[in-house]
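Engineer: Sharing target-v1.csv (CSV, C-alpha atoms) below.
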chain,number,residue,atom,x,y,z
A,16,MET,CA,126.9,29.7,59.3
A,17,CYS,CA,126.6,27.0,62.0
A,18,ARG,CA,124.4,29.3,63.9
A,19,TYR,CA,121.9,29.7,61.0
A,20,ILE,CA,121.8,26.0,60.5
A,21,LEU,CA,121.1,25.5,64.2
A,22,LEU,CA,118.4,28.1,64.0
A,23,ILE,CA,116.7,26.4,61.1
A,24,VAL,CA,117.0,23.0,62.7
A,25,LEU,CA,115.6,24.3,66.0
A,26,THR,CA,112.6,26.1,64.3
A,27,THR,CA,111.8,23.0,62.2
A,28,PHE,CA,111.8,20.6,65.1
A,29,SER,CA,110.5,23.0,67.7
A,30,HIS,CA,107.3,23.2,65.8
A,31,SER,CA,106.6,19.5,66.1
A,32,LEU,CA,108.2,19.1,69.6
A,33,TRP,CA,106.8,22.1,71.3
A,34,ALA,CA,103.6,22.9,69.5
A,35,ALA,CA,101.2,22.1,72.3
A,36,THR,CA,99.5,18.8,71.5
A,37,PRO,CA,96.2,18.9,73.5
A,38,ILE,CA,96.1,16.1,76.1
A,39,ILE,CA,92.9,14.4,77.1
A,40,GLU,CA,92.6,11.9,80.0
A,41,ILE,CA,90.2,9.1,79.9
A,42,GLU,CA,89.7,6.8,82.9
A,43,LEU,CA,88.7,3.2,82.8
A,44,ARG,CA,86.7,2.2,85.8
A,45,ASP,CA,84.7,-1.0,86.2
A,46,HIS,CA,85.2,-1.5,82.5
A,47,LEU,CA,83.6,1.8,81.6
A,48,PHE,CA,85.2,4.8,80.0
A,49,TYR,CA,85.0,8.2,81.9
A,50,PRO,CA,84.2,10.3,80.0
A,51,ALA,CA,82.7,8.0,77.4
A,52,GLU,CA,82.5,10.9,74.9
A,53,ILE,CA,85.2,13.4,74.1
A,54,THR,CA,85.2,16.3,71.7
A,55,ILE,CA,88.3,17.4,69.9
A,56,PRO,CA,88.9,19.9,67.1
A,57,ALA,CA,89.2,18.8,63.5
A,58,ASP,CA,92.6,18.5,61.9
A,59,THR,CA,94.4,18.4,65.2
A,60,LYS,CA,96.6,15.8,66.8
A,61,VAL,CA,95.6,14.9,70.3
A,62,LYS,CA,97.3,12.8,72.9
A,63,LEU,CA,95.0,10.5,74.8
A,64,ILE,CA,96.1,9.3,78.2
A,65,ILE,CA,94.1,6.3,79.2
A,66,ILE,CA,94.2,5.4,82.9
A,67,ASN,CA,93.1,1.9,83.7
A,68,THR,CA,92.1,1.6,87.3
A,69,ASP,CA,90.7,-1.9,86.9
A,70,ASN,CA,92.4,-5.1,87.9
A,71,ALA,CA,92.3,-6.4,84.3
A,72,ALA,CA,94.1,-5.3,81.3
A,73,GLU,CA,92.1,-3.6,78.5
A,74,GLU,CA,92.7,-3.1,74.9
A,75,PHE,CA,91.8,0.4,73.7
A,76,GLU,CA,90.6,-0.2,70.1
A,77,SER,CA,89.1,1.9,67.3
A,78,TYR,CA,88.6,0.6,63.8
A,79,GLU,CA,87.7,4.1,62.6
A,80,MET,CA,90.8,5.7,64.0
A,81,ASN,CA,93.0,2.7,63.4
A,82,ARG,CA,94.1,2.5,67.0
A,83,GLU,CA,94.8,-0.6,69.1
A,84,LYS,CA,96.7,-0.6,72.4
A,85,VAL,CA,96.8,-2.8,75.5
A,86,ILE,CA,96.5,-0.8,78.7
A,87,PRO,CA,97.8,-3.0,81.6
A,88,ALA,CA,95.8,-3.3,84.8
A,89,GLY,CA,96.4,-0.4,87.1
A,90,SER,CA,98.4,1.5,84.6
A,91,ARG,CA,98.2,4.2,82.0
A,92,GLY,CA,98.8,4.3,78.3
A,93,VAL,CA,99.4,7.0,75.7
A,94,VAL,CA,97.6,6.9,72.4
A,95,PHE,CA,98.0,9.6,69.8
A,96,ILE,CA,94.9,10.2,67.6
A,97,GLY,CA,94.3,12.6,64.7
A,98,PRO,CA,94.4,14.7,62.8
A,99,LEU,CA,90.9,13.7,62.0
A,100,ARG,CA,88.1,15.1,59.8
A,101,ALA,CA,84.9,16.2,61.4
A,102,GLY,CA,82.7,13.3,62.4
A,103,GLU,CA,82.2,10.6,65.0
A,104,TYR,CA,84.8,8.0,65.8
A,105,PRO,CA,83.7,5.2,68.1
A,106,PHE,CA,86.3,3.4,70.3
A,107,PHE,CA,85.9,0.5,72.7
A,108,GLY,CA,87.7,-1.8,75.1
A,109,GLU,CA,88.2,-5.0,73.1
A,110,PHE,CA,88.5,-7.2,76.2
A,111,PHE,CA,85.3,-5.9,77.8
A,112,PRO,CA,83.3,-4.7,74.7
A,113,LYS,CA,79.9,-5.0,76.3
A,114,THR,CA,80.5,-2.1,78.7
A,115,ALA,CA,83.7,-0.3,77.6
A,116,GLN,CA,82.3,1.8,74.7
A,117,GLY,CA,83.0,5.4,73.8
A,118,LYS,CA,83.4,7.9,71.0
A,119,VAL,CA,85.5,10.8,69.9
A,120,ILE,CA,83.5,13.6,68.4
A,121,VAL,CA,85.5,15.7,66.0
A,122,LYS,CA,84.2,19.2,65.3
B,119,MET,CA,81.9,-12.9,75.9
B,120,LEU,CA,82.4,-16.4,74.4
B,121,LEU,CA,82.3,-15.2,70.8
B,122,ASN,CA,84.5,-12.2,71.7
B,123,ALA,CA,87.1,-14.6,73.2
B,124,VAL,CA,86.9,-16.8,70.1
B,125,ILE,CA,87.6,-13.9,67.8
B,126,ILE,CA,90.4,-12.4,69.9
B,127,ILE,CA,92.3,-15.7,70.3
B,128,LEU,CA,91.7,-16.8,66.8
B,129,ARG,CA,93.1,-13.5,65.4
B,130,GLU,CA,96.2,-14.0,67.5
B,131,VAL,CA,96.7,-17.7,66.8
B,132,ILE,CA,96.0,-17.6,63.1
B,133,GLU,CA,99.0,-15.4,62.2
B,134,ALA,CA,101.5,-17.6,64.1
B,135,SER,CA,99.8,-20.7,62.9
B,136,LEU,CA,100.0,-19.7,59.3
B,137,LEU,CA,103.6,-18.8,59.6
B,138,ILE,CA,104.4,-22.1,61.2
B,139,SER,CA,102.5,-24.1,58.6
B,140,ILE,CA,104.4,-22.4,55.7
B,141,PHE,CA,107.7,-23.2,57.4
B,142,LEU,CA,106.7,-26.8,58.2
B,143,ALA,CA,105.4,-27.5,54.7
B,144,PHE,CA,108.7,-26.1,53.4
B,145,CYS,CA,110.7,-28.5,55.7
B,146,GLN,CA,108.5,-31.4,54.6
B,147,LYS,CA,108.8,-30.7,50.9
B,148,TYR,CA,112.6,-30.0,50.9
B,149,ASN,CA,113.7,-32.5,53.5
B,150,VAL,CA,114.8,-29.9,56.1
B,151,SER,CA,114.9,-30.7,59.8
B,152,ARG,CA,112.0,-29.7,61.9
B,153,HIS,CA,113.7,-30.0,65.3
B,154,TRP,CA,113.9,-26.2,65.6
B,155,LEU,CA,110.2,-25.8,66.0
B,156,MET,CA,109.7,-26.9,69.7
B,157,PRO,CA,112.7,-24.9,71.0
B,158,ALA,CA,111.5,-21.9,69.0
B,159,LEU,CA,108.0,-22.1,70.5
B,160,GLY,CA,109.5,-22.7,74.0
B,161,ILE,CA,111.7,-19.7,73.8
B,162,GLY,CA,109.0,-17.5,72.1
B,163,LEU,CA,106.3,-18.3,74.7
B,164,SER,CA,108.8,-17.8,77.6
B,165,LEU,CA,109.7,-14.4,76.3
B,166,ALA,CA,106.0,-13.7,75.7
B,167,THR,CA,105.3,-14.4,79.4
B,168,LEU,CA,108.2,-12.2,80.4
B,169,TYR,CA,106.9,-9.5,78.1
B,170,ALA,CA,103.4,-9.8,79.5
B,171,ILE,CA,104.6,-9.7,83.1
B,172,ASN,CA,106.6,-6.5,82.4
B,173,ILE,CA,104.1,-4.8,80.2
B,174,ASN,CA,103.6,-2.1,82.8
B,175,ILE,CA,107.3,-1.1,82.6
B,176,VAL,CA,107.5,-1.5,78.8
B,177,SER,CA,104.4,0.7,78.4
B,178,GLN,CA,106.1,3.6,80.2
B,179,TRP,CA,109.2,3.5,78.0
B,180,LEU,CA,109.8,6.2,75.4
B,181,GLU,CA,107.3,8.6,77.0
B,182,GLY,CA,104.5,6.0,77.0
B,183,VAL,CA,104.9,4.5,73.6
B,184,GLY,CA,107.3,1.7,74.4
B,185,GLN,CA,104.7,-1.0,73.7
B,186,GLU,CA,104.1,0.4,70.2
B,187,ILE,CA,107.8,0.6,69.3
B,188,ILE,CA,108.6,-2.9,70.6
B,189,ASN,CA,105.6,-4.4,68.8
B,190,ALA,CA,106.4,-2.5,65.6
B,191,GLY,CA,109.9,-3.8,65.9
B,192,ILE,CA,108.6,-7.4,66.3
B,193,HIS,CA,106.5,-7.0,63.2
B,194,ILE,CA,109.5,-5.6,61.2
B,195,VAL,CA,111.6,-8.6,62.4
B,196,VAL,CA,108.9,-11.0,61.2
B,197,TYR,CA,108.8,-9.2,57.8
B,198,LEU,CA,112.6,-9.4,57.5
B,199,VAL,CA,112.5,-13.1,58.4
B,200,LEU,CA,110.0,-13.7,55.6
B,201,LEU,CA,112.1,-11.6,53.2
B,202,VAL,CA,115.2,-13.6,53.9
B,203,PHE,CA,113.3,-16.9,54.1
B,204,LEU,CA,111.7,-16.4,50.7
B,205,THR,CA,115.0,-15.3,49.1
B,206,LEU,CA,117.0,-18.2,50.6
B,207,SER,CA,114.2,-20.8,49.8
B,208,MET,CA,114.7,-20.0,46.1
B,209,THR,CA,118.2,-21.5,46.4
B,210,ILE,CA,117.0,-24.7,48.2
B,211,LYS,CA,117.7,-27.0,45.3
B,212,THR,CA,121.4,-26.1,45.4
B,213,GLY,CA,121.4,-27.6,48.9
B,214,ARG,CA,123.3,-24.6,50.3
B,215,ASN,CA,121.9,-22.2,52.9
B,216,LYS,CA,119.9,-24.9,54.8
B,217,PRO,CA,121.4,-24.0,58.2
B,218,LEU,CA,120.7,-20.4,57.5
B,219,ILE,CA,117.1,-21.1,56.5
B,220,ILE,CA,116.6,-23.0,59.8
B,221,LEU,CA,118.0,-20.1,61.8
B,222,VAL,CA,115.7,-17.7,60.0
B,223,MET,CA,112.6,-19.9,60.6
B,224,LEU,CA,113.6,-20.2,64.3
B,225,ILE,CA,113.8,-16.4,64.7
B,226,GLY,CA,110.5,-16.0,62.9
B,227,VAL,CA,108.6,-18.4,65.1
B,228,ILE,CA,110.2,-16.9,68.3
B,229,PHE,CA,109.2,-13.4,67.4
B,230,ALA,CA,105.7,-14.3,66.2
B,231,SER,CA,105.1,-16.2,69.5
B,232,ILE,CA,106.3,-13.3,71.6
B,233,ARG,CA,103.8,-11.0,69.9
B,234,GLU,CA,100.8,-13.3,69.8
B,235,GLY,CA,101.5,-15.1,73.0
B,236,SER,CA,101.8,-11.9,75.1
B,237,GLU,CA,98.5,-10.6,73.9
B,238,ILE,CA,96.8,-13.9,74.7
B,239,ILE,CA,98.4,-14.0,78.2
B,240,LEU,CA,97.3,-10.4,79.0
B,241,TYR,CA,93.8,-11.0,77.8
B,242,ILE,CA,93.2,-14.3,79.7
B,243,HIS,CA,95.0,-13.0,82.8
B,244,GLY,CA,92.5,-10.2,83.2
B,245,PHE,CA,89.7,-12.7,83.7
B,246,ILE,CA,91.4,-14.7,86.4
B,247,GLY,CA,89.8,-12.4,89.1
B,248,ILE,CA,86.4,-12.6,87.5
B,249,PRO,CA,85.1,-16.2,88.2
B,250,GLU,CA,81.8,-15.8,86.3
B,251,LEU,CA,83.6,-14.7,83.1
B,252,LEU,CA,86.6,-17.0,83.2
B,253,PRO,CA,84.9,-20.2,82.0
B,254,PRO,CA,83.4,-18.6,78.8
B,255,VAL,CA,86.7,-16.8,78.1
B,256,LEU,CA,88.7,-20.0,78.5
B,257,MET,CA,86.2,-22.0,76.4
B,258,GLY,CA,86.2,-19.3,73.7
B,259,GLY,CA,89.9,-19.2,73.8
B,260,ILE,CA,90.2,-22.9,73.3
B,261,ILE,CA,87.7,-22.8,70.4
B,262,GLY,CA,89.5,-19.8,68.9
B,263,ALA,CA,92.9,-21.5,69.2
B,264,GLY,CA,91.4,-24.7,67.8
B,265,ILE,CA,90.1,-22.9,64.7
B,266,GLY,CA,93.4,-21.0,64.3
B,267,LEU,CA,95.4,-24.2,64.5
B,268,SER,CA,93.0,-25.9,62.1
B,269,VAL,CA,93.5,-23.2,59.5
B,270,GLY,CA,97.3,-23.8,59.9
B,271,VAL,CA,96.9,-27.5,59.5
B,272,LEU,CA,94.7,-27.0,56.4
B,273,PHE,CA,97.2,-24.8,54.7
B,274,TYR,CA,100.0,-27.2,55.7
B,275,TYR,CA,98.3,-30.2,54.0
B,276,LEU,CA,97.3,-28.0,51.0
B,277,LEU,CA,101.0,-26.9,50.6
B,278,VAL,CA,102.4,-30.4,51.0
B,279,ASN,CA,99.9,-32.1,48.8
B,280,LEU,CA,99.9,-29.7,45.9
B,281,SER,CA,102.4,-30.3,43.1
B,282,SER,CA,105.8,-28.8,43.7
B,283,LYS,CA,105.0,-25.9,41.3
B,284,GLN,CA,101.5,-25.1,42.7
B,285,GLY,CA,102.7,-25.6,46.3
B,286,ALA,CA,105.6,-23.2,45.8
B,287,LYS,CA,103.2,-20.6,44.2
B,288,LEU,CA,100.8,-20.9,47.2
B,289,GLY,CA,103.7,-20.8,49.6
B,290,ILE,CA,105.1,-17.6,48.1
B,291,LEU,CA,101.6,-16.0,48.1
B,292,LEU,CA,101.1,-16.9,51.8
B,293,CYS,CA,104.6,-15.5,52.6
B,294,LEU,CA,103.6,-12.2,50.9
B,295,CYS,CA,100.3,-12.1,52.7
B,296,VAL,CA,101.8,-12.5,56.1
B,297,ALA,CA,104.7,-10.1,55.3
B,298,GLY,CA,102.3,-7.4,54.0
B,299,GLY,CA,100.2,-7.7,57.2
B,300,MET,CA,103.4,-7.2,59.3
B,301,VAL,CA,104.4,-4.1,57.5
B,302,LEU,CA,100.9,-2.6,57.7
B,303,GLN,CA,100.7,-3.2,61.4
B,304,ALA,CA,104.2,-1.8,62.0
B,305,THR,CA,103.3,1.5,60.2
B,306,GLN,CA,100.0,1.7,62.1
B,307,LEU,CA,101.8,1.3,65.5
B,308,LEU,CA,104.4,3.8,64.6
B,309,SER,CA,101.7,6.3,63.7
B,310,GLN,CA,99.9,5.6,66.9
B,311,ALA,CA,103.1,6.3,68.8
B,312,ASP,CA,103.5,9.6,66.7
B,313,TRP,CA,106.9,8.4,65.4
B,314,ILE,CA,105.5,8.8,61.9
B,315,THR,CA,103.0,11.5,61.2
B,316,SER,CA,99.4,10.3,61.0
B,317,GLN,CA,97.7,11.0,57.7
B,318,TYR,CA,94.1,11.0,56.4
B,319,PRO,CA,93.0,7.7,55.0
B,320,LEU,CA,93.6,7.2,51.2
B,321,TRP,CA,90.3,5.3,50.8
B,322,ASP,CA,87.5,3.8,52.9
B,323,THR,CA,86.2,0.3,52.1
B,324,THR,CA,84.2,-0.1,55.3
B,325,MET,CA,80.9,-0.4,53.4
B,326,TRP,CA,82.3,-3.4,51.5
B,327,ILE,CA,84.1,-5.2,54.2
B,328,SER,CA,83.9,-3.7,57.7
B,329,GLU,CA,86.8,-4.3,60.0
B,330,ARG,CA,84.3,-5.2,62.6
B,331,SER,CA,82.9,-8.2,60.7
B,332,VAL,CA,84.4,-11.6,61.1
B,333,LEU,CA,85.5,-11.6,57.5
B,334,GLY,CA,87.2,-8.2,58.1
B,335,GLN,CA,88.9,-9.6,61.2
B,336,LEU,CA,90.1,-12.7,59.4
B,337,LEU,CA,91.4,-10.7,56.4
B,338,TYR,CA,93.2,-8.4,58.9
B,339,ALA,CA,94.9,-11.4,60.4
B,340,LEU,CA,95.7,-13.0,57.1
B,341,VAL,CA,96.7,-10.1,54.8
B,342,GLY,CA,96.6,-7.1,57.1
B,343,TYR,CA,93.3,-5.8,55.7
B,344,GLU,CA,92.7,-2.2,56.6
B,345,ALA,CA,89.5,-0.4,55.6
B,346,THR,CA,90.9,3.1,56.0
B,347,PRO,CA,94.7,2.9,55.2
B,348,MET,CA,96.9,5.9,55.3
B,349,PRO,CA,98.9,6.7,52.2
B,350,ILE,CA,102.1,5.8,54.0
B,351,GLN,CA,100.7,2.4,54.8
B,352,VAL,CA,99.8,1.7,51.2
B,353,ILE,CA,103.2,2.9,50.0
B,354,SER,CA,105.0,0.8,52.6
B,355,TYR,CA,102.9,-2.3,51.8
B,356,ILE,CA,103.5,-2.1,48.1
B,357,SER,CA,107.2,-1.3,48.4
B,358,ALA,CA,107.9,-4.0,51.0
B,359,LEU,CA,106.2,-6.6,48.9
B,360,SER,CA,107.8,-5.5,45.7
B,361,PHE,CA,111.2,-5.6,47.4
B,362,MET,CA,110.5,-9.1,48.5
B,363,ILE,CA,109.4,-10.3,45.0
B,364,ILE,CA,112.4,-8.7,43.3
B,365,LEU,CA,114.9,-10.1,45.8
B,366,ALA,CA,113.3,-13.6,45.5
B,367,ALA,CA,113.3,-13.4,41.7
B,368,PHE,CA,117.0,-12.4,41.7
B,369,SER,CA,117.8,-15.2,44.0
B,370,TYR,CA,115.9,-17.7,41.9
B,371,VAL,CA,117.5,-16.7,38.7
B,372,TYR,CA,121.0,-16.6,40.3
B,373,SER,CA,120.6,-20.1,41.8
B,374,SER,CA,119.2,-21.6,38.6
B,375,ARG,CA,122.2,-20.5,36.6
B,376,PRO,CA,124.5,-23.5,35.8
B,377,GLN,CA,127.4,-23.3,38.2
B,378,SER,CA,130.8,-23.2,36.4
Render the structure in this file as structure tokens.

Structural biologist:
Amino acid sequence: MCRYILLIVLTTFSHSLWAATPIIEIELRDHLFYPAEITIPADTKVKLIIINTDNAAEEFESYEMNREKVIPAGSRGVVFIGPLRAGEYPFFGEFFPKTAQGKVIVK
Amino acid sequence: MLLNAVIIILREVIEASLLISIFLAFCQKYNVSRHWLMPALGIGLSLATLYAININIVSQWLEGVGQEIINAGIHIVVYLVLLVFLTLSMTIKTGRNKPLIILVMLIGVIFASIREGSEIILYIHGFIGIPELLPPVLMGGIIGAGIGLSVGVLFYYLLVNLSSKQGAKLGILLCLCVAGGMVLQATQLLSQADWITSQYPLWDTTMWISERSVLGQLLYALVGYEATPMPIQVISYISALSFMIILAAFSYVYSSRPQS
């Protein structure tokens, strides 16, 4: 009995734990995003890793995706996005919005 | 850069400023000591500095979502503070619970200062190495903080000068607004950290009030306005506020009963 319960628990959680969440890295350099445009599949959760190589903190922000996170200077930050419907979702660096602009294209 | 700094600092200051004005007006109206405020701000801003200095370490916690979880925790604490404050404030005429109310206000201001203060420190700190941008950022910051504090002062005098009944109504409404914003931000952060599953938005009111607009930003700071909320956010918002109203109503009825 215990074995069955364990099996059910494992299969339930393994899906969310082990189902490969695509990872995309974005670098922040001189207050610009590289790449500034990323394409992800629709209805899929994606893990963004934002690497801030600048000497100033930046806030990754997107009104369309409801995301907001401070990425400390010389550090990296994880932001989960999606699942999203097809379309374009702009994001920007709130601290340096003139240059730090980008978008997620969902197809 | 100037306008950007004004908006960023204003958005941070306005939440704490509103919370403090509600508490101070309450103290003024019901003759409660205000000596807790300065220590609360002192402790809160010291912890904010500590948090900002260690943001690198905190960010790496819990597989990179430590910041979200701590911030969501802070928002939940401020919500709970408002919940307890509102419930206890209904019993103020009995004269009991005053020390507890002071403790709750103290905790509220400490946590609000940690959250808002650390963001401001991180933002300003980034410009220290950029001499050409630092003056407009500081100037914008001062203007933003000035507007934020003015809004707080305005609400304070409004709350103090209204009749007891009207003042109480506005005070309760402001408590609910700030509390709702806290719950909404907490759920957004938990979804960003993937601790709760992200959902498709329930509706989209961007064409009416964009979150990019100044009005949208102000509403975000005041009532947690979200143009594209997830169903779980709407549910948490409504249930958190309903719970608050029900608890406060119970407390009011209970304390109004003649004591035997």

Engineer: Can you build me a table of chain B residues sitting at most 9 Å from chain A, with the closest atom pair per residue and its distance in Å to one decimal, using all atoms listed in the file, sorted by chain and residue number, as JSON lines?

Structural biologist:
{"residue": "B:Met119", "atom": "CA", "partner": "A:Phe111", "partner_atom": "CA", "distance": 8.0}
{"residue": "B:Asn122", "atom": "CA", "partner": "A:Phe110", "partner_atom": "CA", "distance": 7.8}
{"residue": "B:Ala123", "atom": "CA", "partner": "A:Phe110", "partner_atom": "CA", "distance": 8.1}
{"residue": "B:Ile126", "atom": "CA", "partner": "A:Glu109", "partner_atom": "CA", "distance": 8.4}
{"residue": "B:Ile173", "atom": "CA", "partner": "A:Pro87", "partner_atom": "CA", "distance": 6.7}
{"residue": "B:Asn174", "atom": "CA", "partner": "A:Pro87", "partner_atom": "CA", "distance": 6.0}
{"residue": "B:Ser177", "atom": "CA", "partner": "A:Gly92", "partner_atom": "CA", "distance": 6.7}
{"residue": "B:Gln178", "atom": "CA", "partner": "A:Gly92", "partner_atom": "CA", "distance": 7.6}
{"residue": "B:Glu181", "atom": "CA", "partner": "A:Val93", "partner_atom": "CA", "distance": 8.2}
{"residue": "B:Gly182", "atom": "CA", "partner": "A:Val93", "partner_atom": "CA", "distance": 5.4}
{"residue": "B:Val183", "atom": "CA", "partner": "A:Val93", "partner_atom": "CA", "distance": 6.4}
{"residue": "B:Gln185", "atom": "CA", "partner": "A:Lys84", "partner_atom": "CA", "distance": 8.1}
{"residue": "B:Glu186", "atom": "CA", "partner": "A:Lys84", "partner_atom": "CA", "distance": 7.8}
{"residue": "B:Glu237", "atom": "CA", "partner": "A:Val85", "partner_atom": "CA", "distance": 8.1}
{"residue": "B:Leu240", "atom": "CA", "partner": "A:Ala72", "partner_atom": "CA", "distance": 6.4}
{"residue": "B:Tyr241", "atom": "CA", "partner": "A:Ala72", "partner_atom": "CA", "distance": 6.7}
{"residue": "B:His243", "atom": "CA", "partner": "A:Ala71", "partner_atom": "CA", "distance": 7.3}
{"residue": "B:Gly244", "atom": "CA", "partner": "A:Ala71", "partner_atom": "CA", "distance": 4.0}
{"residue": "B:Phe245", "atom": "CA", "partner": "A:Ala71", "partner_atom": "CA", "distance": 6.8}
{"residue": "B:Ile246", "atom": "CA", "partner": "A:Ala71", "partner_atom": "CA", "distance": 8.6}
{"residue": "B:Gly247", "atom": "CA", "partner": "A:Asn70", "partner_atom": "CA", "distance": 7.8}
{"residue": "B:Gln306", "atom": "CA", "partner": "A:Asn81", "partner_atom": "CA", "distance": 7.2}
{"residue": "B:Leu307", "atom": "CA", "partner": "A:Arg82", "partner_atom": "CA", "distance": 7.9}
{"residue": "B:Ser309", "atom": "CA", "partner": "A:Phe95", "partner_atom": "CA", "distance": 7.9}
{"residue": "B:Gln310", "atom": "CA", "partner": "A:Phe95", "partner_atom": "CA", "distance": 5.3}
{"residue": "B:Ala311", "atom": "CA", "partner": "A:Phe95", "partner_atom": "CA", "distance": 6.2}
{"residue": "B:Asp312", "atom": "CA", "partner": "A:Phe95", "partner_atom": "CA", "distance": 6.3}
{"residue": "B:Ser316", "atom": "CA", "partner": "A:Gly97", "partner_atom": "CA", "distance": 6.7}
{"residue": "B:Gln317", "atom": "CA", "partner": "A:Pro98", "partner_atom": "CA", "distance": 7.1}
{"residue": "B:Tyr318", "atom": "CA", "partner": "A:Leu99", "partner_atom": "CA", "distance": 7.0}
{"residue": "B:Ser328", "atom": "CA", "partner": "A:Tyr78", "partner_atom": "CA", "distance": 8.8}
{"residue": "B:Glu329", "atom": "CA", "partner": "A:Tyr78", "partner_atom": "CA", "distance": 6.5}
{"residue": "B:Arg330", "atom": "CA", "partner": "A:Tyr78", "partner_atom": "CA", "distance": 7.3}
{"residue": "B:Glu344", "atom": "CA", "partner": "A:Asn81", "partner_atom": "CA", "distance": 8.4}
{"residue": "B:Ala345", "atom": "CA", "partner": "A:Tyr78", "partner_atom": "CA", "distance": 8.3}
{"residue": "B:Thr346", "atom": "CA", "partner": "A:Glu79", "partner_atom": "CA", "distance": 7.4}
{"residue": "B:Pro347", "atom": "CA", "partner": "A:Asn81", "partner_atom": "CA", "distance": 8.4}

Engineer: If I take atom CA of Asn67 of chain A and atom CA of Gly262 of chain B, how far is one from the other in Å, to one decimal?

Structural biologist: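 Result for atom CA of Asn67 of chain A versus atom CA of Gly262 of chain B: 26.5 Å, one decimal.
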
Engineer: Could you please determine the separation between atom CA of Met300 of chain B and atom CA of Leu333 of chain B in Å, to one decimal place?

Structural biologist: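 Interatomic distance, atom CA of Met300 of chain B to atom CA of Leu333 of chain B: 18.5 Å.
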
Engineer: Find the residues around Arg129 of chain B up to 12 Å (all atoms listed in the file counted), leave out those fewer than 4 positions away in its own chain, and share them as number ranges by chain.

Structural biologist: B: 122-125, 133-136, 233-235, 237-238, 259, 261-267, 269, 332-342

Engineer: Which residue out of B:Val176, B:Leu206, B:Ile248, B:Leu302 has the minimum interatomic distance to Ile188 of chain B when all atoms listed in the file are used?

Structural biologist: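 That would be B:Val176, the residue with the smallest distance to Ile188 of chain B.
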
Engineer: Would you mind reading off the distance between atom CA of Glu103 of chain A and atom CA of Ile120 of chain A, one decimal, in Å?

Structural biologist: 4.7 Å

Engineer: Restricting the calculation to all atoms listed in the file: of A:Ala51, A:Ala57, A:Val119, A:Leu63, which residue gets closest to Ile39 of chain A?

Structural biologist: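 Nearest candidate to Ile39 of chain A out of A:Ala51, A:Ala57, A:Val119, A:Leu63: A:Leu63.
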